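**Q** My file is my_file-v1.tsv. It has TSV, C-alpha atoms and all ligand atoms:
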chain	number	residue	atom	x	y	z
A	1264	MET	CA	30.09	76.46	53.73
A	1265	SER	CA	27.26	76.78	51.21
A	1266	LEU	CA	25.85	73.44	52.35
A	1267	PHE	CA	26.15	74.40	55.97
A	1268	GLN	CA	22.94	75.56	57.65
A	1269	LEU	CA	23.70	78.43	60.01
A	1270	PRO	CA	21.71	78.11	63.22
A	1271	GLN	CA	18.76	80.53	63.48
A	1272	ALA	CA	18.85	82.97	66.39
A	1273	PRO	CA	15.82	82.68	68.69
A	1274	THR	CA	13.02	85.21	68.21
A	1275	HIS	CA	11.50	87.35	70.95
A	1276	GLU	CA	9.20	90.29	71.63
A	1277	PRO	CA	10.81	93.68	70.85
A	1278	LEU	CA	13.01	95.02	73.63
A	1279	GLN	CA	12.53	98.74	74.27
A	1280	LEU	CA	15.67	100.06	75.93
A	1281	THR	CA	15.59	103.19	78.04
A	1282	TRP	CA	19.13	103.29	79.44
A	1283	LEU	CA	22.46	101.88	78.33
A	1284	SER	CA	25.47	102.00	80.65
A	1285	VAL	CA	29.10	101.00	80.54
A	1286	ILE	CA	30.73	100.26	83.88
A	1287	GLN	CA	34.46	99.89	84.44
A	1288	LEU	CA	35.34	97.62	87.35
A	1289	ARG	CA	38.70	97.09	89.05
A	1290	LEU	CA	39.14	93.58	90.44
A	1291	LYS	CA	41.94	92.12	92.54
A	1292	LEU	CA	43.06	88.63	91.56
A	1293	GLN	CA	43.49	86.18	94.43
A	1294	LYS	CA	46.65	84.89	92.74
A	1295	PRO	CA	48.73	86.59	90.05
A	1296	PHE	CA	48.13	85.22	86.54
A	1297	ILE	CA	51.37	84.94	84.56
A	1298	THR	CA	51.68	84.13	80.85
A	1299	SER	CA	54.28	84.60	78.14
A	1300	PHE	CA	52.93	88.14	77.72
A	1301	GLY	CA	53.11	89.30	81.30
A	1302	ARG	CA	51.85	89.23	84.85
A	1303	GLN	CA	48.49	90.37	86.16
A	1304	ASP	CA	47.73	91.08	89.83
A	1305	GLU	CA	44.59	93.06	89.31
A	1306	ARG	CA	42.54	93.79	86.28
A	1307	ASP	CA	39.83	96.03	84.97
A	1308	THR	CA	36.83	94.67	83.15
A	1309	LEU	CA	33.88	96.34	81.45
A	1310	LEU	CA	30.19	95.64	81.99
A	1311	VAL	CA	27.51	96.73	79.55
A	1312	MET	CA	24.16	97.23	81.27
A	1313	LEU	CA	20.87	97.59	79.40
A	1314	ARG	CA	17.57	98.63	80.99
A	1315	THR	CA	14.22	98.10	79.32
A	1316	GLN	CA	11.03	100.10	79.64
A	1317	ASP	CA	9.42	97.29	81.61
A	1318	GLY	CA	12.21	97.21	84.16
A	1319	LEU	CA	14.44	94.35	83.01
A	1320	VAL	CA	18.19	94.74	83.46
A	1321	GLY	CA	20.62	92.81	81.25
A	1322	ILE	CA	24.36	92.79	81.90
A	1323	GLY	CA	27.14	91.54	79.66
A	1324	GLU	CA	30.90	91.48	80.18
A	1325	THR	CA	33.70	92.73	77.96
A	1326	PRO	CA	36.66	91.06	79.72
A	1327	SER	CA	39.25	93.49	78.40
A	1328	MET	CA	42.97	93.29	78.97
A	1329	ALA	CA	44.80	96.38	80.18
A	1330	ALA	CA	47.20	96.28	77.21
A	1331	PRO	CA	46.95	94.89	73.65
A	1332	MET	CA	49.12	91.86	74.44
A	1333	TYR	CA	46.72	88.99	73.85
A	1334	ASP	CA	44.64	90.63	71.15
A	1335	GLU	CA	44.76	94.09	69.60
A	1336	ASN	CA	41.64	94.85	71.63
A	1337	TYR	CA	42.23	96.29	75.10
A	1338	LEU	CA	40.36	98.19	77.75
A	1339	TRP	CA	40.60	101.76	76.47
A	1340	ALA	CA	39.84	100.87	72.88
A	1341	ASP	CA	36.90	98.68	73.97
A	1342	LEU	CA	35.52	101.47	76.11
A	1343	ASP	CA	35.98	104.02	73.35
A	1344	VAL	CA	34.23	101.89	70.72
A	1345	LEU	CA	31.31	101.20	73.04
A	1346	GLN	CA	30.93	104.88	73.94
A	1347	ARG	CA	31.58	106.41	70.55
A	1348	PHE	CA	29.99	103.90	68.18
A	1349	LEU	CA	28.09	100.87	69.42
A	1350	ILE	CA	25.95	102.41	72.15
A	1351	PRO	CA	25.05	105.66	70.34
A	1352	THR	CA	23.97	103.66	67.27
A	1353	VAL	CA	21.61	101.48	69.33
A	1354	SER	CA	20.11	104.68	70.62
A	1355	GLU	CA	20.02	106.66	67.36
A	1356	GLN	CA	19.62	104.09	64.60
A	1357	LEU	CA	17.39	101.61	66.42
A	1358	LYS	CA	15.78	104.22	68.69
A	1359	GLY	CA	16.57	101.79	71.48
A	1360	VAL	CA	14.31	99.07	70.04
A	1361	ILE	CA	15.86	95.66	69.40
A	1362	CYS	CA	13.40	93.37	67.63
A	1363	CYS	CA	15.76	90.49	66.91
A	1364	PHE	CA	19.41	89.46	66.85
A	1365	ASP	CA	19.73	90.77	63.27
A	1366	ASP	CA	19.08	94.30	64.58
A	1367	LEU	CA	22.11	93.96	66.82
A	1368	GLU	CA	24.26	92.55	64.01
A	1369	SER	CA	23.30	95.51	61.81
A	1370	ILE	CA	24.86	97.74	64.50
A	1371	PHE	CA	28.01	95.61	64.63
A	1372	LYS	CA	28.60	95.22	60.92
A	1373	PRO	CA	29.82	98.73	60.04
A	1374	VAL	CA	32.32	98.56	62.95
A	1375	LYS	CA	35.39	96.60	61.84
A	1376	GLY	CA	36.88	94.30	64.44
A	1377	HIS	CA	36.47	95.36	68.09
A	1378	ARG	CA	34.98	92.00	68.89
A	1379	PHE	CA	35.45	92.34	72.66
A	1380	SER	CA	33.23	95.41	72.89
A	1381	LYS	CA	30.59	93.82	70.65
A	1382	CYS	CA	30.57	90.79	72.92
A	1383	GLY	CA	29.74	92.80	76.05
A	1384	LEU	CA	26.79	94.51	74.38
A	1385	GLU	CA	25.60	91.27	72.82
A	1386	ALA	CA	25.85	89.35	76.10
A	1387	ALA	CA	23.71	92.01	77.83
A	1388	TYR	CA	21.16	91.60	75.01
A	1389	TRP	CA	21.01	87.80	75.54
A	1390	HIS	CA	20.68	88.32	79.27
A	1391	LEU	CA	17.58	90.43	78.55
A	1392	VAL	CA	16.15	87.95	76.04
A	1393	ALA	CA	16.53	85.11	78.55
A	1394	GLN	CA	14.65	87.10	81.18
A	1395	GLN	CA	11.92	88.20	78.79
A	1396	LYS	CA	11.30	84.64	77.59
A	1397	ASN	CA	11.93	83.20	81.03
A	1398	VAL	CA	14.35	80.59	79.74
A	1399	ALA	CA	17.94	79.71	80.63
A	1400	LEU	CA	20.75	81.19	78.53
A	1401	ALA	CA	21.92	77.65	77.77
A	1402	SER	CA	18.64	76.72	76.13
A	1403	LEU	CA	18.56	80.00	74.13
A	1404	TRP	CA	21.91	78.92	72.70
A	1405	GLY	CA	20.85	75.37	72.00
A	1406	GLY	CA	22.54	73.80	75.03
A	1407	ARG	CA	21.01	70.84	76.81
A	1408	ALA	CA	23.77	69.51	79.09
A	1409	GLU	CA	23.04	69.77	82.81
A	1410	SER	CA	26.70	69.97	83.69
A	1411	VAL	CA	29.94	70.60	81.80
A	1412	GLN	CA	33.54	69.54	82.32
A	1413	ALA	CA	35.89	72.20	83.63
A	1414	GLY	CA	39.67	72.52	83.50
A	1415	PHE	CA	42.11	74.83	85.26
A	1416	SER	CA	44.42	77.20	83.41
A	1417	ILE	CA	47.60	77.57	85.48
A	1418	GLY	CA	49.29	80.93	85.00
A	1419	ALA	CA	52.57	80.75	86.91
A	1420	LYS	CA	56.21	81.42	86.13
A	1421	THR	CA	58.31	78.99	88.16
A	1422	LEU	CA	58.26	75.22	88.21
A	1423	ASP	CA	57.57	75.14	91.96
A	1424	ASP	CA	54.67	77.55	91.64
A	1425	VAL	CA	53.14	75.56	88.76
A	1426	LEU	CA	53.50	72.27	90.65
A	1427	GLU	CA	51.99	73.76	93.77
A	1428	ARG	CA	49.00	75.14	91.85
A	1429	ALA	CA	48.60	71.83	90.01
A	1430	GLU	CA	48.51	69.90	93.28
A	1431	ARG	CA	45.82	72.18	94.72
A	1432	ALA	CA	43.79	71.73	91.54
A	1433	ILE	CA	44.05	67.95	91.66
A	1434	GLN	CA	42.96	68.01	95.31
A	1435	ALA	CA	40.00	70.18	94.32
A	1436	GLY	CA	38.90	67.60	91.73
A	1437	PHE	CA	40.11	69.07	88.44
A	1438	LYS	CA	40.52	66.40	85.77
A	1439	ARG	CA	42.22	68.65	83.22
A	1440	LEU	CA	45.15	71.05	83.64
A	1441	LYS	CA	46.41	73.64	81.19
A	1442	VAL	CA	49.90	75.00	81.59
A	1443	LYS	CA	51.25	78.21	80.10
A	1444	ILE	CA	54.51	77.60	78.27
A	1445	TRP	CA	57.13	79.67	76.43
A	1446	PRO	CA	60.61	78.98	75.02
A	1447	GLY	CA	62.77	77.78	77.91
A	1448	PHE	CA	59.76	76.91	80.07
A	1449	ASP	CA	58.02	74.12	78.21
A	1450	ARG	CA	59.28	70.55	78.32
A	1451	ILE	CA	60.58	70.94	81.87
A	1452	VAL	CA	57.24	71.97	83.34
A	1453	LEU	CA	55.05	69.64	81.28
A	1454	GLU	CA	57.25	66.64	81.95
A	1455	ALA	CA	57.22	67.36	85.69
A	1456	ILE	CA	53.43	67.45	85.73
A	1457	ARG	CA	53.14	64.38	83.53
A	1458	ASN	CA	55.45	62.41	85.86
A	1459	GLN	CA	53.51	63.53	88.90
A	1460	TYR	CA	50.06	62.84	87.38
A	1461	PRO	CA	50.37	60.17	84.68
A	1462	ASN	CA	46.63	60.06	83.95
A	1463	ILE	CA	45.56	63.69	84.11
A	1464	MET	CA	44.26	65.38	80.97
A	1465	LEU	CA	47.10	67.82	80.30
A	1466	GLN	CA	47.40	70.56	77.72
A	1467	ALA	CA	49.81	73.43	76.99
A	1468	ASP	CA	49.09	77.02	75.98
A	1469	ALA	CA	51.89	78.95	74.28
A	1470	ASN	CA	49.99	82.20	73.61
A	1471	THR	CA	51.97	82.74	70.34
A	1472	ALA	CA	55.41	82.61	72.05
A	1473	TYR	CA	57.17	80.46	69.40
A	1474	ASP	CA	58.67	81.34	66.04
A	1475	PRO	CA	58.15	78.77	63.27
A	1476	PHE	CA	61.45	79.85	61.67
A	1477	LEU	CA	63.64	79.24	64.72
A	1478	SER	CA	64.94	75.69	64.78
A	1479	GLU	CA	65.33	75.69	68.60
A	1480	HIS	CA	61.69	76.62	68.97
A	1481	ILE	CA	60.55	73.92	66.57
A	1482	ALA	CA	62.76	71.32	68.27
A	1483	ALA	CA	61.38	72.26	71.69
A	1484	LEU	CA	57.79	71.98	70.51
A	1485	LYS	CA	58.46	68.62	68.87
A	1486	THR	CA	59.68	67.04	72.09
A	1487	LEU	CA	56.30	67.82	73.69
A	1488	ASP	CA	54.74	65.25	71.40
A	1489	GLU	CA	55.96	62.47	73.74
A	1490	LEU	CA	54.04	63.74	76.75
A	1491	ASP	CA	50.59	62.53	75.80
A	1492	LEU	CA	49.11	66.04	75.73
A	1493	LEU	CA	45.47	66.65	74.90
A	1494	LEU	CA	46.52	69.57	72.67
A	1495	ILE	CA	49.02	72.40	72.22
A	1496	GLU	CA	47.36	75.79	72.05
A	1497	GLN	CA	48.53	78.52	69.69
A	1498	PRO	CA	52.33	78.07	69.45
A	1499	PHE	CA	52.74	80.69	66.69
A	1500	ALA	CA	51.46	84.20	66.04
A	1501	GLU	CA	47.77	84.79	65.44
A	1502	ASN	CA	48.10	85.42	61.69
A	1503	ARG	CA	50.17	82.27	61.07
A	1504	LEU	CA	47.35	79.88	60.28
A	1505	LEU	CA	49.30	78.25	57.45
A	1506	ASP	CA	52.43	77.77	59.59
A	1507	HIS	CA	50.38	76.02	62.26
A	1508	ALA	CA	48.89	73.56	59.75
A	1509	ARG	CA	52.24	72.96	58.06
A	1510	PHE	CA	53.97	72.36	61.40
A	1511	GLN	CA	51.35	69.76	62.31
A	1512	ALA	CA	51.77	67.96	59.01
A	1513	GLU	CA	55.51	68.26	58.34
A	1514	HIS	CA	56.48	66.76	61.68
A	1515	ASN	CA	53.53	64.40	61.77
A	1516	LEU	CA	52.74	65.51	65.31
A	1517	LYS	CA	50.20	63.34	67.02
A	1518	THR	CA	49.28	66.06	69.51
A	1519	PRO	CA	46.52	68.21	68.01
A	1520	ILE	CA	47.13	71.93	67.60
A	1521	CYS	CA	44.43	74.07	69.14
A	1522	LEU	CA	43.81	77.55	67.77
A	1523	ASP	CA	42.99	80.38	70.17
A	1524	GLU	CA	44.31	83.81	69.08
A	1525	SER	CA	44.02	82.89	65.36
A	1526	ILE	CA	40.25	82.47	65.49
A	1527	ARG	CA	38.29	85.71	65.24
A	1528	ASP	CA	35.09	84.44	63.62
A	1529	LEU	CA	33.43	81.53	61.86
A	1530	ASN	CA	35.26	82.33	58.66
A	1531	ASP	CA	38.63	81.78	60.37
A	1532	VAL	CA	37.39	78.41	61.61
A	1533	ARG	CA	36.26	77.44	58.11
A	1534	GLN	CA	39.67	78.35	56.70
A	1535	ALA	CA	41.49	76.46	59.46
A	1536	ILE	CA	39.45	73.31	58.83
A	1537	ASP	CA	40.07	73.58	55.07
A	1538	LEU	CA	43.81	74.00	55.67
A	1539	TRP	CA	44.10	71.04	58.04
A	1540	ARG	CA	42.21	69.00	55.45
A	1541	LEU	CA	44.55	70.05	52.66
A	1542	PHE	CA	47.46	68.91	54.81
A	1543	GLU	CA	45.57	65.70	55.61
A	1544	VAL	CA	45.75	66.22	59.36
A	1545	SER	CA	42.16	67.28	59.93
A	1546	GLU	CA	41.64	64.90	62.84
A	1547	ARG	CA	44.32	66.86	64.72
A	1548	LEU	CA	42.72	70.28	64.91
A	1549	VAL	CA	40.96	71.71	67.97
A	1550	ILE	CA	39.23	75.08	68.33
A	1551	ASN	CA	39.18	77.20	71.49
A	1552	VAL	CA	35.98	79.27	71.37
A	1553	LYS	CA	36.11	82.46	73.42
A	1554	PRO	CA	33.02	84.64	73.02
A	1555	PRO	CA	34.85	87.98	73.42
A	1556	ARG	CA	37.52	86.99	70.90
A	1557	VAL	CA	34.95	86.01	68.25
A	1558	GLY	CA	32.59	88.96	68.84
A	1559	GLY	CA	29.92	87.32	70.93
A	1560	TYR	CA	27.92	84.32	72.06
A	1561	TRP	CA	25.94	83.84	68.86
A	1562	GLU	CA	29.07	83.74	66.72
A	1563	SER	CA	30.34	81.17	69.25
A	1564	VAL	CA	27.21	79.07	68.67
A	1565	ARG	CA	27.76	79.30	64.92
A	1566	ILE	CA	31.38	78.18	65.33
A	1567	ALA	CA	30.42	75.32	67.63
A	1568	THR	CA	27.75	74.13	65.20
A	1569	TYR	CA	30.21	74.30	62.32
A	1570	CYS	CA	32.88	72.40	64.27
A	1571	GLN	CA	30.37	69.72	65.19
A	1572	ALA	CA	29.30	69.32	61.55
A	1573	HIS	CA	32.98	68.83	60.63
A	1574	GLN	CA	33.93	66.58	63.56
A	1575	VAL	CA	36.35	69.14	64.96
A	1576	PRO	CA	36.55	69.15	68.77
A	1577	CYS	CA	36.07	72.48	70.52
A	1578	TRP	CA	35.88	73.94	73.99
A	1579	VAL	CA	35.04	77.22	75.70
A	1580	GLY	CA	38.11	79.23	76.69
A	1581	GLY	CA	38.23	81.94	79.34
A	1582	MET	CA	39.58	85.45	79.78
A	1583	LEU	CA	39.61	85.61	83.59
A	1584	GLU	CA	36.00	86.79	83.47
A	1585	THR	CA	34.01	87.70	86.57
A	1586	GLY	CA	31.42	85.20	87.78
A	1587	LEU	CA	28.93	86.80	85.38
A	1588	GLY	CA	31.05	86.08	82.31
A	1589	LYS	CA	31.90	82.63	83.63
A	1590	TRP	CA	28.23	81.67	84.14
A	1591	MET	CA	27.54	82.77	80.58
A	1592	ASN	CA	30.50	80.75	79.28
A	1593	ILE	CA	29.30	77.71	81.21
A	1594	SER	CA	25.82	78.18	79.69
A	1595	LEU	CA	27.40	78.28	76.23
A	1596	ALA	CA	29.45	75.15	76.96
A	1597	ALA	CA	26.19	73.22	77.51
A	1598	HIS	CA	25.92	73.00	73.69
A	1599	SER	CA	26.64	69.44	72.59
A	1600	ALA	CA	29.38	70.59	70.18
A	1601	PHE	CA	31.68	71.38	73.12
A	1602	ASN	CA	33.39	68.15	73.97
A	1603	LEU	CA	36.56	69.17	75.83
A	1604	PRO	CA	36.78	70.77	79.31
A	1605	GLY	CA	36.57	74.59	79.39
A	1606	ASP	CA	38.51	77.21	81.43
A	1607	HIS	CA	35.59	78.03	83.74
A	1608	LEU	CA	37.13	78.25	87.19
A	1609	GLN	CA	40.16	77.85	89.43
A	1610	PRO	CA	40.69	76.01	92.73
A	1611	GLN	CA	40.01	79.36	94.47
A	1612	PRO	CA	37.76	82.20	93.23
A	1613	TYR	CA	39.52	84.34	90.61
A	1614	TYR	CA	38.92	87.58	92.52
A	1615	GLN	CA	39.01	88.75	96.12
A	1616	GLN	CA	35.50	90.07	95.52
A	1617	ASP	CA	33.18	89.18	92.67
A	1618	ILE	CA	29.90	90.64	91.47
A	1619	ILE	CA	27.60	87.64	91.38
A	1620	ASN	CA	26.30	85.01	93.80
A	1621	PRO	CA	26.77	82.13	93.78
A	1622	LEU	CA	30.04	81.65	91.87
A	1623	PRO	CA	30.61	78.50	89.79
A	1624	THR	CA	31.93	75.65	91.93
A	1625	LEU	CA	33.65	72.45	90.90
A	1626	ARG	CA	32.04	69.14	91.76
A	1627	THR	CA	34.23	66.21	92.76
A	1628	ASP	CA	33.80	64.66	89.30
A	1629	GLY	CA	35.45	67.71	87.68
A	1630	THR	CA	32.22	69.23	86.33
A	1631	VAL	CA	30.22	72.42	86.93
A	1632	ILE	CA	26.42	72.68	86.99
A	1633	VAL	CA	24.84	74.61	84.10
A	1634	PRO	CA	22.30	77.18	85.33
A	1635	SER	CA	18.80	75.96	84.50
A	1636	GLY	CA	17.25	79.38	85.16
A	1637	GLU	CA	18.79	82.76	86.07
A	1638	ILE	CA	22.60	82.83	86.10
A	1639	GLY	CA	22.83	84.08	89.67
A	1640	GLU	CA	22.18	87.23	91.58
A	1641	ILE	CA	24.17	90.41	91.00
A	1642	ASP	CA	25.73	91.76	94.20
A	1643	TRP	CA	25.02	95.44	93.54
A	1644	GLU	CA	26.85	96.68	96.62
A	1645	THR	CA	30.09	94.97	95.63
A	1646	LEU	CA	29.64	96.02	92.03
A	1647	GLU	CA	29.43	99.66	93.12
A	1648	ARG	CA	32.44	99.26	95.36
A	1649	LEU	CA	34.55	97.86	92.52
A	1650	GLN	CA	33.37	100.47	90.04
A	1651	VAL	CA	36.01	102.98	88.91
A	1652	ALA	CA	34.00	104.69	86.17
A	1653	ARG	CA	30.51	104.64	84.76
A	1654	PHE	CA	28.97	106.11	81.62
A	1655	ASP	CA	25.21	106.39	81.15
A	1656	PHE	CA	23.30	106.94	77.95
A	1657	GLN	CA	19.60	107.67	77.89
A	1658	VAL	CA	17.69	106.62	74.79
A	1659	ASN	CA	16.24	109.75	73.25
A	1701	LIG	O1	45.09	82.10	76.31
A	1701	LIG	O2	43.46	81.20	77.34
A	1701	LIG	C1	44.28	82.12	77.22
A	1701	LIG	C2	43.71	84.50	80.16
A	1701	LIG	C3	43.94	85.70	79.56
A	1701	LIG	C4	44.31	85.74	78.25
A	1701	LIG	C5	44.45	84.56	77.51
A	1701	LIG	C6	44.20	83.34	78.11
A	1701	LIG	C7	43.84	83.31	79.46
A	1701	LIG	C8	43.61	82.08	80.20
A	1701	LIG	C9	42.67	82.17	81.37
A	1701	LIG	O3	44.22	81.05	79.99
A	1701	LIG	C10	41.63	81.16	81.37
A	1701	LIG	C11	40.63	81.41	82.47
A	1701	LIG	O4	39.81	82.34	82.36
A	1701	LIG	O5	40.67	80.67	83.45
A	1702	MG	MG	44.99	80.43	74.98
Can the structure from this file be put into structure tokens for me?

**A**
Amino acid sequence: MSLFQLPQAPTHEPLQLTWLSVIQLRLKLQKPFITSFGRQDERDTLLVMLRTQDGLVGIGETPSMAAPMYDENYLWADLDVLQRFLIPTVSEQLKGVICCFDDLESIFKPVKGHRFSKCGLEAAYWHLVAQQKNVALASLWGGRAESVQAGFSIGAKTLDDVLERAERAIQAGFKRLKVKIWPGFDRIVLEAIRNQYPNIMLQADANTAYDPFLSEHIAALKTLDELDLLLIEQPFAENRLLDHARFQAEHNLKTPICLDESIRDLNDVRQAIDLWRLFEVSERLVINVKPPRVGGYWESVRIATYCQAHQVPCWVGGMLETGLGKWMNISLAAHSAFNLPGDHLQPQPYYQQDIINPLPTLRTDGTVIVPSGEIGEIDWETLERLQVARFDFQVN
């Protein structure tokens, strides 16, 4: 780590904020999303909106979950931390003036955890910086790719439903599928997809559903090694970093383990890479980088840069964001460190109504265009229609 050069955040003219708002939206999913931790038909998400003195508006998304099932963060805690701590401190401590990224980090540092709420505020800040400098978000974050590969995360509970969604995705041009698995619903579904599509890039996401001390669970996971999977995401609980590395090494699994829930910041990535090295399996580690889970886009850039320096593959994961969050994730994925397809879209739009136009679309080669300028136009009418609560703070 001491030899590693952290990337330097871009500089900009001071931003003088006049208003800060938090908006709670309620969105209806086009199709229910089912994982080992439950089913979602609709979901709330939070937007942080910043206005500057010279009339710029920056918006960032905190894609909260309704309950603390994926991460200890969830909607009401995220909202509370934004309202009670993060936003008042920008107003009081910084007097609404943000001169550089360090100013924002100084607000975040005294607040332990709560990475989702930090991400929304930080994303709104980057949205402002991009507008002020008149550059694309991708280039602010060091990304140069004009398009990025996209995969589809299938969240369904029955074999028929998964196969049906997989077929639609293949028709739409997806080159990579990710399937949610849990004990009792793993080999059967992955094998069916593998038989149907022998050449597709296929990966599994367990969302912590397995227990490393249950021999049936370990046996089930081991049989997946024959299915030529790109990776297996997060079989064990988030704080079981060591068990993940040991499982990889003890069974000499050729399928790489990908960490999602276990990675909260760059330090977690550093420890994971060190562990996989100690077990001599370092070429079989993959990192899923989700900006809200790691506290923002700049921490994501740091992680990506670190992974690249250590030859560890990584990709940008999703949290069922609105089009706004997805465009930002796609902009992040333009960084050359990201070398596996990200969860950026589905065969159909995620939501019955979304807040930005256009939405990301898949090209026939399985890629999505990276915005070279603005990330799209906010549909204010729809945004207001979907709004269930709004909190405004004036900088005093
Ligand atoms: O583990 O990647 C996950 C959605 C909610 C919570 C956790 C996860 C997911 C997804 C959705 O898989 C990915 C997407 O946004 O398409
Ligand atoms: Mg995951």

**Q** Which one is closest to ligand MG 1702 (chain A): A:Gln1316, A:Thr1352, A:Gln1395, A:Thr1298? Count only C-alpha atoms and all ligand atoms.

**A**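 Answer, going by the shortest atom-to-atom distance: A:Thr1298.
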
**Q** Write out as a list in words the residues lying within 9 Å of Thr1585 of chain A, counting only C-alpha atoms and excluding same-chain residues fewer than 2 positions away.

**A** Leu1290, Thr1308, Glu1324, Pro1326, Leu1583, Leu1587, Gly1588, Lys1589, Trp1590, Tyr1613, Tyr1614, Asp1617, Ile1618, Ile1619 and Leu1622 of chain A

**Q** May I have a table of the residues of chain A lying at most 9 Å from ligand LIG 1701 (chain A), giving each one's closest pair of atoms and their distance in Å to one decimal, counting all atoms listed in the file, ordered by chain and ascending residue number, as a Markdown table?

**A**
| residue | atom | partner | partner_atom | distance |
| --- | --- | --- | --- | --- |
| A:Phe1296 | CA | A:LIG1701 | C2 | 7.8 |
| A:Ile1297 | CA | A:LIG1701 | C2 | 8.8 |
| A:Thr1298 | CA | A:LIG1701 | C5 | 8.0 |
| A:Phe1300 | CA | A:LIG1701 | C4 | 9.0 |
| A:Met1328 | CA | A:LIG1701 | C3 | 7.7 |
| A:Met1332 | CA | A:LIG1701 | C4 | 8.7 |
| A:Tyr1333 | CA | A:LIG1701 | C4 | 6.0 |
| A:Asp1334 | CA | A:LIG1701 | C4 | 8.6 |
| A:Gly1414 | CA | A:LIG1701 | O5 | 8.2 |
| A:Phe1415 | CA | A:LIG1701 | O5 | 6.3 |
| A:Ser1416 | CA | A:LIG1701 | O5 | 5.1 |
| A:Ile1417 | CA | A:LIG1701 | O3 | 7.3 |
| A:Gly1418 | CA | A:LIG1701 | O3 | 7.1 |
| A:Lys1441 | CA | A:LIG1701 | O3 | 7.8 |
| A:Val1442 | CA | A:LIG1701 | O3 | 8.5 |
| A:Lys1443 | CA | A:LIG1701 | O3 | 7.6 |
| A:Asp1468 | CA | A:LIG1701 | O1 | 6.5 |
| A:Ala1469 | CA | A:LIG1701 | O1 | 7.8 |
| A:Asn1470 | CA | A:LIG1701 | O1 | 5.6 |
| A:Glu1496 | CA | A:LIG1701 | O1 | 7.9 |
| A:Gln1497 | CA | A:LIG1701 | O1 | 8.3 |
| A:Asp1523 | CA | A:LIG1701 | O1 | 6.7 |
| A:Glu1524 | CA | A:LIG1701 | O1 | 7.5 |
| A:Asn1551 | CA | A:LIG1701 | O2 | 8.3 |
| A:Lys1553 | CA | A:LIG1701 | O2 | 8.4 |
| A:Gly1580 | CA | A:LIG1701 | O2 | 5.7 |
| A:Gly1581 | CA | A:LIG1701 | O4 | 3.4 |
| A:Met1582 | CA | A:LIG1701 | O4 | 4.0 |
| A:Leu1583 | CA | A:LIG1701 | O4 | 3.5 |
| A:Glu1584 | CA | A:LIG1701 | O4 | 6.0 |
| A:Thr1585 | CA | A:LIG1701 | O4 | 8.9 |
| A:Lys1589 | CA | A:LIG1701 | O4 | 8.0 |
| A:Gly1605 | CA | A:LIG1701 | O5 | 8.4 |
| A:Asp1606 | CA | A:LIG1701 | O5 | 4.6 |
| A:His1607 | CA | A:LIG1701 | O5 | 5.7 |
| A:Leu1608 | CA | A:LIG1701 | O5 | 5.7 |
| A:Gln1609 | CA | A:LIG1701 | O5 | 6.6 |
| A:Tyr1613 | CA | A:LIG1701 | O5 | 8.1 |

**Q** Would you please work out which residue, of A:Gln1271, A:Ser1369, A:Thr1471, A:Thr1421, is nearest to ligand MG 1702 (chain A) when using only C-alpha atoms and all ligand atoms?

**A**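 With only C-alpha atoms and all ligand atoms as the atom set, the closest residue is A:Thr1471.
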
**Q** Give me, please, the distance in Å between atom CA of Asp1424 of chain A and atom CA of Asn1458 of chain A, quoted to one decimal.

**A**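 Rounded to one decimal, the two atoms are 16.2 Å apart.
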
**Q** Measure the distance from atom CA of Phe1499 of chain A to atom CA of Trp1561 of chain A in Å and round it to one decimal.

**A**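 Taking atom CA of Phe1499 of chain A as the start and atom CA of Trp1561 of chain A as the end point, the length is 27.1 Å.
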
**Q** Neighbouring residues of Glu1355 of chain A were defined as those with any atom within 9 Å, considering all atoms listed in the file; residues of the same chain fewer than 5 positions away were excluded. Please report them as a VMD selection string.

**A** chain A and resid 1350 1658 to 1659

**Q** Would you pick out the contacts of Glu1543 of chain A at 12 Å or less, using all atoms listed in the file, so that residues sharing its chain but fewer than 3 positions from it are not included, and give the list as an NGL selection string?

**A** :A and (1508-1509 or 1511-1513 or 1515 or 1536-1540 or 1546-1548)

**Q** Got time to write the residues from that selection, C-alpha atoms, as a PDB file, in the coordinates of the input?

**A**
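For reference, again26.pdb as written:
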ATOM      1  CA  ALA A1508      48.890  73.560  59.750  1.00  0.00           C
ATOM      2  CA  ARG A1509      52.240  72.960  58.060  1.00  0.00           C
ATOM      3  CA  GLN A1511      51.350  69.760  62.310  1.00  0.00           C
ATOM      4  CA  ALA A1512      51.770  67.960  59.010  1.00  0.00           C
ATOM      5  CA  GLU A1513      55.510  68.260  58.340  1.00  0.00           C
ATOM      6  CA  ASN A1515      53.530  64.400  61.770  1.00  0.00           C
ATOM      7  CA  ILE A1536      39.450  73.310  58.830  1.00  0.00           C
ATOM      8  CA  ASP A1537      40.070  73.580  55.070  1.00  0.00           C
ATOM      9  CA  LEU A1538      43.810  74.000  55.670  1.00  0.00           C
ATOM     10  CA  TRP A1539      44.100  71.040  58.040  1.00  0.00           C
ATOM     11  CA  ARG A1540      42.210  69.000  55.450  1.00  0.00           C
ATOM     12  CA  GLU A1546      41.640  64.900  62.840  1.00  0.00           C
ATOM     13  CA  ARG A1547      44.320  66.860  64.720  1.00  0.00           C
ATOM     14  CA  LEU A1548      42.720  70.280  64.910  1.00  0.00           C
TER      15      LEU A1548
END

**Q** Using only C-alpha atoms and all ligand atoms, pick whichever of A:Val1575, A:Cys1570, A:Val1452, A:Ile1444 has the shortest atom-to-atom distance to ligand MG 1702 (chain A).

**A** A:Ile1444

**Q** Do you know which residues are at most 8 Å from Ala1472 of chain A counting all atoms listed in the file, after dropping those on the same chain fewer than 5 positions away, and could you put them as a PyMOL selection string?

**A** chain A and resi 1299+1445-1446+1498-1500
